[in-house]
file start-v2.cif (mmCIF, C-alpha atoms)
data_final
loop_
_atom_site.label_atom_id
_atom_site.label_comp_id
_atom_site.auth_asym_id
_atom_site.auth_seq_id
_atom_site.Cartn_x
_atom_site.Cartn_y
_atom_site.Cartn_z
CA MET F 9 130.39 83.66 145.52
CA THR F 10 130.30 81.71 142.31
CA VAL F 11 129.06 78.19 141.76
CA SER F 12 132.09 75.91 141.62
CA ILE F 13 132.72 73.28 138.97
CA GLY F 14 132.29 70.50 141.56
CA ASP F 15 128.84 71.79 142.51
CA PHE F 16 127.93 71.88 138.85
CA PHE F 17 128.66 68.21 138.35
CA ARG F 18 127.05 67.17 141.64
CA GLU F 19 123.61 68.09 140.33
CA SER F 20 122.09 65.42 138.11
CA ALA F 21 120.05 67.91 136.06
CA ASN F 22 123.31 69.46 134.88
CA TRP F 23 124.39 66.16 133.36
CA ALA F 24 121.13 66.07 131.43
CA PHE F 25 121.82 69.65 130.43
CA LEU F 26 125.28 68.75 129.10
CA VAL F 27 123.92 65.75 127.21
CA ILE F 28 121.51 68.14 125.44
CA ALA F 29 123.67 71.25 125.13
CA ILE F 30 126.84 69.71 123.67
CA PRO F 31 125.12 68.05 120.67
CA THR F 32 123.10 71.25 120.18
CA LEU F 33 126.25 73.35 119.96
CA VAL F 34 128.21 70.86 117.85
CA ALA F 35 125.29 70.57 115.41
CA GLY F 36 124.94 74.37 115.35
CA TRP F 37 128.63 74.69 114.51
CA ARG F 38 128.40 72.07 111.77
CA THR F 39 125.33 73.85 110.36
CA VAL F 40 127.41 76.90 109.55
CA THR F 41 130.61 75.08 108.54
CA SER F 42 129.56 71.90 106.73
CA ASN F 43 130.53 71.77 103.06
CA HIS F 44 127.62 69.47 102.32
CA ILE F 45 124.41 71.45 101.84
CA VAL F 46 121.90 68.72 102.79
CA ARG F 47 123.96 67.76 105.83
CA ALA F 48 124.10 71.40 106.94
CA VAL F 49 120.29 71.55 106.94
CA LEU F 50 120.03 68.18 108.74
CA TYR F 51 122.48 69.42 111.38
CA LEU F 52 120.08 72.36 111.79
CA VAL F 53 117.40 69.77 112.67
CA VAL F 54 119.60 68.40 115.46
CA SER F 55 120.36 71.87 116.73
CA LEU F 56 116.71 72.93 116.78
CA GLY F 57 115.74 69.61 118.39
CA GLY F 58 118.33 70.34 121.08
CA SER F 59 116.82 73.76 121.66
CA ALA F 60 113.39 72.10 122.00
CA ALA F 61 114.88 69.72 124.58
CA LEU F 62 116.26 72.73 126.48
CA PHE F 63 112.75 74.18 126.49
CA PHE F 64 111.47 70.93 128.04
CA MET F 65 114.19 71.20 130.71
CA LEU F 66 113.06 74.74 131.43
CA GLY F 67 109.48 73.52 131.76
CA ALA F 68 108.26 75.29 128.63
CA GLY F 69 106.68 72.19 127.14
CA PHE F 70 104.29 73.99 124.83
CA VAL F 71 107.06 76.10 123.27
CA GLY F 72 109.17 72.96 122.92
CA TRP F 73 106.48 71.06 121.05
CA THR F 74 105.79 74.12 118.90
CA VAL F 75 109.45 74.15 117.91
CA VAL F 76 109.29 70.46 117.05
CA LEU F 77 106.13 70.87 114.97
CA VAL F 78 106.87 74.16 113.22
CA TYR F 79 110.65 74.05 112.80
CA ILE F 80 111.46 70.37 112.47
CA GLY F 81 108.14 69.58 110.81
CA ALA F 82 107.64 72.45 108.41
CA VAL F 83 110.60 74.82 108.13
CA ILE F 84 113.16 72.08 107.46
CA ILE F 85 110.95 70.72 104.67
CA LEU F 86 110.89 74.22 103.18
CA PHE F 87 114.70 74.32 103.33
CA LEU F 88 115.02 70.95 101.63
CA ILE F 89 112.54 72.02 98.93
CA GLY F 90 114.56 75.23 98.49
CA ILE F 91 117.75 73.20 98.04
CA MET F 92 116.11 70.92 95.50
CA ILE F 93 114.53 73.76 93.51
CA THR F 94 117.73 75.80 93.32
CA ARG F 95 119.58 72.67 92.18
CA ALA F 96 122.35 73.21 94.67
CA PRO F 97 125.37 70.92 94.29
CA LEU F 98 124.56 67.94 96.49
CA GLY F 99 128.07 66.60 97.11
CA GLU F 100 130.94 68.03 99.10
CA LYS F 101 131.46 71.56 97.76
CA GLU F 102 133.86 74.25 98.91
CA GLU F 103 131.91 77.04 97.23
CA LEU F 104 129.11 76.97 99.80
CA SER F 105 131.23 79.25 102.00
CA HIS F 106 133.54 82.17 101.46
CA GLY F 107 137.31 81.80 101.66
CA THR F 108 139.56 82.64 104.57
CA ASN F 109 139.56 86.36 103.75
CA VAL F 110 135.91 86.48 104.87
CA LYS F 111 136.05 83.66 107.42
CA ALA F 112 138.74 85.25 109.59
CA PRO F 113 136.94 88.57 110.24
CA ALA F 114 133.64 86.72 110.59
CA ALA F 115 135.15 84.40 113.22
CA LEU F 116 136.62 87.40 115.04
CA LEU F 117 133.27 89.19 114.98
CA SER F 118 131.39 86.14 116.32
CA VAL F 119 133.93 85.54 119.07
CA VAL F 120 133.65 89.20 120.10
CA MET F 121 129.85 88.93 119.97
CA PHE F 122 129.92 85.78 122.12
CA GLY F 123 132.33 87.44 124.54
CA VAL F 124 130.13 90.52 124.94
CA ILE F 125 126.91 88.53 125.45
CA ALA F 126 128.59 86.03 127.80
CA TRP F 127 130.25 88.79 129.82
CA ALA F 128 126.97 90.69 130.15
CA ALA F 129 125.11 87.50 131.19
CA ILE F 130 127.74 86.42 133.74
CA ASP F 131 128.00 89.95 135.08
CA ALA F 132 124.26 90.24 135.61
CA TYR F 133 123.23 86.73 136.70
CA THR F 134 126.14 85.05 138.41
CA ASN F 135 124.23 82.86 140.81
CA GLU F 136 120.59 82.74 139.86
CA MET F 137 119.33 79.20 140.19
CA ILE F 138 116.32 77.74 138.43
CA ALA F 139 114.36 74.67 139.39
CA PRO F 140 114.43 72.19 136.48
CA PHE F 141 111.30 70.66 134.98
CA GLU F 142 108.87 73.04 136.69
CA SER F 143 106.38 73.24 133.90
CA THR F 144 104.10 75.98 132.70
CA SER F 145 100.70 74.54 131.82
CA THR F 146 99.41 74.86 128.30
CA GLN F 147 96.09 76.02 129.75
CA GLU F 148 97.79 78.95 131.43
CA LEU F 149 99.52 79.91 128.18
CA SER F 150 96.38 79.64 126.10
CA LEU F 151 94.35 81.75 128.53
CA LEU F 152 97.03 84.44 128.30
CA MET F 153 97.30 84.11 124.54
CA PHE F 154 93.60 84.84 124.01
CA ASP F 155 93.31 87.42 126.77
CA ARG F 156 96.31 89.64 127.27
CA PHE F 157 98.12 88.82 124.00
CA VAL F 158 95.15 88.65 121.66
CA LEU F 159 96.15 91.71 119.63
CA PRO F 160 99.70 90.49 118.82
CA PHE F 161 98.17 87.10 118.07
CA GLU F 162 95.84 88.64 115.47
CA VAL F 163 98.69 90.69 114.00
CA VAL F 164 100.83 87.54 113.65
CA SER F 165 97.89 85.83 111.97
CA PHE F 166 97.73 88.64 109.41
CA VAL F 167 101.49 88.45 108.87
CA LEU F 168 101.18 84.72 108.19
CA LEU F 169 98.31 85.38 105.76
CA ALA F 170 100.36 88.06 103.99
CA ALA F 171 103.36 85.69 103.85
CA LEU F 172 101.15 82.97 102.39
CA ILE F 173 99.79 85.24 99.67
CA GLY F 174 103.20 86.79 99.05
CA GLY F 175 104.86 83.38 98.79
CA ILE F 176 102.31 82.22 96.23
CA ALA F 177 102.56 85.47 94.27
CA LEU F 178 106.38 85.34 94.21
CA ALA F 179 106.89 81.68 93.43
CA ARG F 180 104.10 81.34 90.87
CA GLN F 181 105.17 81.17 87.23
CA ASP F 182 104.03 84.31 85.45
CA GLU F 183 102.32 82.98 82.32
CA GLU F 184 102.66 86.11 80.17
CA ALA F 185 106.32 86.53 81.09
CA SER F 186 107.28 82.91 80.45
CA SER F 187 105.44 82.44 77.17
CA MET R 29 120.76 74.50 137.33
CA THR R 30 122.00 78.03 136.98
CA ILE R 31 120.60 80.47 134.46
CA ILE R 32 124.10 81.20 133.10
CA GLN R 33 124.45 77.84 131.36
CA PHE R 34 121.30 78.42 129.30
CA LEU R 35 122.33 81.99 128.46
CA LEU R 36 125.76 80.77 127.33
CA VAL R 37 124.23 78.15 125.02
CA GLY R 38 122.02 80.91 123.57
CA ALA R 39 125.00 83.23 123.13
CA ALA R 40 127.07 80.51 121.43
CA LEU R 41 124.28 79.55 119.04
CA PHE R 42 123.75 83.23 118.20
CA SER R 43 127.45 83.67 117.43
CA PHE R 44 127.45 80.55 115.25
CA GLY R 45 124.47 81.94 113.35
CA LEU R 46 126.22 85.28 112.91
CA TYR R 47 129.31 83.49 111.58
CA GLY R 48 127.16 81.51 109.16
CA VAL R 49 125.29 84.56 107.87
CA ILE R 50 128.59 86.25 107.00
CA THR R 51 130.50 83.29 105.57
CA ARG R 52 127.84 81.32 103.70
CA ARG R 53 127.47 82.00 99.98
CA ASN R 54 124.42 79.86 99.26
CA ALA R 55 121.23 81.86 99.95
CA VAL R 56 119.40 78.86 101.46
CA LEU R 57 122.22 78.32 103.96
CA VAL R 58 122.18 82.02 104.90
CA LEU R 59 118.50 81.56 105.78
CA ALA R 60 119.40 78.44 107.81
CA SER R 61 121.95 80.49 109.77
CA VAL R 62 119.29 83.12 110.48
CA GLU R 63 117.11 80.32 111.86
CA LEU R 64 119.95 79.36 114.19
CA MET R 65 120.09 82.94 115.51
CA LEU R 66 116.33 82.99 116.05
CA ALA R 67 116.54 79.68 117.96
CA ALA R 68 119.22 81.22 120.19
CA VAL R 69 116.95 84.21 120.87
CA ASN R 70 114.13 81.82 121.78
CA ILE R 71 116.35 80.03 124.30
CA ASN R 72 117.16 83.37 125.93
CA LEU R 73 113.51 84.46 126.02
CA VAL R 74 112.28 81.22 127.60
CA THR R 75 115.14 81.23 130.13
CA PHE R 76 114.33 84.74 131.26
CA ASP R 77 110.64 83.88 131.41
CA VAL R 78 111.40 80.99 133.77
CA VAL R 79 113.85 83.01 135.86
CA LEU R 80 111.63 86.05 136.29
CA GLN R 81 108.53 83.91 137.06
CA ASP R 82 106.54 86.34 134.94
CA ALA R 83 102.79 86.12 135.61
CA LEU R 84 102.09 87.04 131.97
CA HIS R 85 104.67 84.55 130.61
CA ALA R 86 105.74 87.22 128.14
CA GLY R 87 108.96 85.36 127.32
CA GLN R 88 107.19 82.18 126.23
CA MET R 89 104.55 84.22 124.37
CA PHE R 90 107.17 86.16 122.47
CA SER R 91 109.08 82.99 121.60
CA LEU R 92 105.83 81.58 120.16
CA PHE R 93 105.40 84.74 118.10
CA ILE R 94 109.03 84.54 116.96
CA ILE R 95 108.50 80.93 115.85
CA ALA R 96 105.46 82.00 113.78
CA LEU R 97 107.34 84.94 112.27
CA ALA R 98 110.36 82.75 111.50
CA ALA R 99 108.12 80.34 109.62
CA ALA R 100 106.71 83.25 107.58
CA GLU R 101 110.21 84.61 107.00
CA VAL R 102 111.49 81.28 105.68
CA GLY R 103 108.48 80.93 103.40
CA ILE R 104 109.00 84.35 101.85
CA GLY R 105 112.79 83.92 101.86
CA ILE R 106 112.66 80.65 99.94
CA ALA R 107 110.18 82.19 97.47
CA ILE R 108 112.57 85.11 96.87
CA VAL R 109 115.54 82.74 96.45
CA LEU R 110 113.46 80.78 93.95
CA MET R 111 112.68 84.00 92.01
CA ILE R 112 116.37 84.96 91.98
CA PHE R 113 117.32 81.47 90.86
CA ARG R 114 114.82 81.67 88.00
CA ASN R 115 116.23 84.99 86.82
CA ARG R 116 119.95 84.40 87.41
CA GLN R 117 120.29 80.57 87.39
CA SER R 118 122.20 80.82 90.67
CA ALA R 119 121.51 80.96 94.41
CA ASP R 120 124.89 82.54 95.20
CA VAL R 121 124.46 85.74 97.21
CA ASP R 122 127.77 87.13 95.86
CA GLU R 123 126.40 87.33 92.34
CA LEU R 124 123.53 89.61 93.40
CA ASP R 125 125.43 92.85 92.81
CA LEU R 126 122.87 94.67 90.65
CA MET R 127 122.77 97.61 93.07
CA LYS R 128 126.55 98.03 93.11
CA GLY R 129 127.59 101.41 91.70
#
call {"tool": "encode", "arguments": {"input": "start-v2.cif", "output": "structure tokens"}}
result
Amino acid sequence: MTVSIGDFFRESANWAFLVIAIPTLVAGWRTVTSNHIVRAVLYLVVSLGGSAALFFMLGAGFVGWTVVLVYIGAVIILFLIGIMITRAPLGEKEELSHGTNVKAPAALLSVVMFGVIAWAAIDAYTNEMIAPFESTSTQELSLLMFDRFVLPFEVVSFVLLAALIGGIALARQDEEASS
Amino acid sequence: MTIIQFLLVGAALFSFGLYGVITRRNAVLVLASVELMLAAVNINLVTFDVVLQDALHAGQMFSLFIIALAAAEVGIGIAIVLMIFRNRQSADVDELDLMKG
């Protein structure tokens, strides 16, 4: 038995879900279609903020705040700096995307991709319910992070260090080459 | 709430990101589309973590690791785009055809 549409709208948490999910999806769509490069990146902010709100709904508060701090705080700034440094055209520009000859197969591929994932999800989890706002404590996560997941944590730390050094080495002006 | 609605949002965001990666010509926007795909993956991971009631919270842990790796990836990616822009005066991925035979 499947959950009917009426049941869906009878639950108040689903209304909250729609209020979050629809702007998330619209902003995600505008991120990949907007002809305005700064707007595309700012739509990405809305989309990532929506995903953070979904994490709060799922009770993953720590992951949600991490998304807010790391993505919206830091990654978006990197994108805006990247736009400014590469002197991208700031106005409305068609050349940010390919023409229809690429868009049509790309749209087909994404629709097929969505269909496959959605079919697999619906096939496997037709009726599984989750209780909204049942939160995981940060204490629980941190105890796991430094107990069971300490090795991946250290590896990620080294990756970040390598990225830091690599970023400096790549972006730094080479004095011999430029003079 | 059912789990399906979260999985569908994740699937839709992933498809949007895929569409953006293929159609965008500006390298910075290609990276932004990759971020969208990673966000979709995070939604799926956290949803499954909540559904499976995992004692180790592997889903939330992995989404935290993905967030850290995505930050590193964007840092390196922007640095590479900057290098390419310095050498070619363009951030258009179509003009990077040096390896074409």
call {"tool": "resolve_selection", "arguments": {"input": "start-v2.cif", "expression": "the PyMOL selection byres ((chain F and resi 153) around 12)", "output": "count of residues only"}}
result
25
call {"tool": "atom_distance", "arguments": {"input": "start-v2.cif", "atom1": "CA of His106 (chain F)", "atom2": "CA of Ala55 (chain R)"}}
result
12.4 Å
call {"tool": "atom_distance", "arguments": {"input": "start-v2.cif", "atom1": "CA of Arg95 (chain F)", "atom2": "CA of Ala60 (chain R)"}}
result
16.7 Å
call {"tool": "atom_distance", "arguments": {"input": "start-v2.cif", "atom1": "CA of Pro31 (chain F)", "atom2": "CA of Leu41 (chain R)"}}
result
11.6 Å
call {"tool": "closest_residue", "arguments": {"input": "start-v2.cif", "among": "F:Ser143, F:Ile173, F:Thr32, F:Arg38", "to": "Ala68 (chain F)", "atoms": "only C-alpha atoms"}}
result
F:Ser143
call {"tool": "interface_residues", "arguments": {"input": "start-v2.cif", "of": "chain R", "to": "chain F", "cutoff": "8 Å", "atoms": "all atoms listed in the file", "output": "MDAnalysis selection string"}}
result
chainID R and resid 29:32 35:37 39:48 50:54 56:57 60:61 64 67:68 71 74:75 78:79 84:85 88:89 91:93 95:97 99:104 106:111 113 118:119
call {"tool": "decode", "arguments": {"input": "start-v2.cif", "residues": "region 96-108 of chain R", "atoms": "N, CA and C atoms", "output": "mmCIF file, in the first residue's frame"}}
result
data_model
loop_
_atom_site.group_PDB
_atom_site.id
_atom_site.type_symbol
_atom_site.label_atom_id
_atom_site.label_comp_id
_atom_site.auth_asym_id
_atom_site.auth_seq_id
_atom_site.Cartn_x
_atom_site.Cartn_y
_atom_site.Cartn_z
ATOM 1 N N ALA R 96 34.188 18.272 3.894
ATOM 2 C CA ALA R 96 35.598 18.679 3.987
ATOM 3 C C ALA R 96 36.303 18.474 2.653
ATOM 4 N N LEU R 97 36.049 17.326 2.010
ATOM 5 C CA LEU R 97 36.711 17.062 0.729
ATOM 6 C C LEU R 97 36.234 18.024 -0.344
ATOM 7 N N ALA R 98 34.934 18.395 -0.305
ATOM 8 C CA ALA R 98 34.415 19.332 -1.297
ATOM 9 C C ALA R 98 35.086 20.688 -1.151
ATOM 10 N N ALA R 99 35.320 21.091 0.118
ATOM 11 C CA ALA R 99 36.002 22.367 0.331
ATOM 12 C C ALA R 99 37.405 22.313 -0.256
ATOM 13 N N ALA R 100 38.125 21.191 -0.027
ATOM 14 C CA ALA R 100 39.464 21.045 -0.591
ATOM 15 C C ALA R 100 39.417 21.051 -2.111
ATOM 16 N N GLU R 101 38.404 20.350 -2.665
ATOM 17 C CA GLU R 101 38.282 20.253 -4.117
ATOM 18 C C GLU R 101 38.048 21.631 -4.740
ATOM 19 N N VAL R 102 37.187 22.439 -4.110
ATOM 20 C CA VAL R 102 36.930 23.767 -4.664
ATOM 21 C C VAL R 102 38.187 24.625 -4.584
ATOM 22 N N GLY R 103 38.918 24.515 -3.453
ATOM 23 C CA GLY R 103 40.144 25.299 -3.332
ATOM 24 C C GLY R 103 41.123 24.990 -4.443
ATOM 25 N N ILE R 104 41.393 23.702 -4.647
ATOM 26 C CA ILE R 104 42.315 23.294 -5.707
ATOM 27 C C ILE R 104 41.742 23.643 -7.081
ATOM 28 N N GLY R 105 40.423 23.404 -7.244
ATOM 29 C CA GLY R 105 39.796 23.669 -8.544
ATOM 30 C C GLY R 105 39.931 25.127 -8.939
ATOM 31 N N ILE R 106 39.634 26.032 -7.992
ATOM 32 C CA ILE R 106 39.733 27.459 -8.304
ATOM 33 C C ILE R 106 41.181 27.833 -8.603
ATOM 34 N N ALA R 107 42.143 27.214 -7.862
ATOM 35 C CA ALA R 107 43.553 27.508 -8.133
ATOM 36 C C ALA R 107 43.931 27.073 -9.544
ATOM 37 N N ILE R 108 43.422 25.893 -9.973
ATOM 38 C CA ILE R 108 43.735 25.412 -11.324
ATOM 39 C C ILE R 108 43.101 26.327 -12.368
#
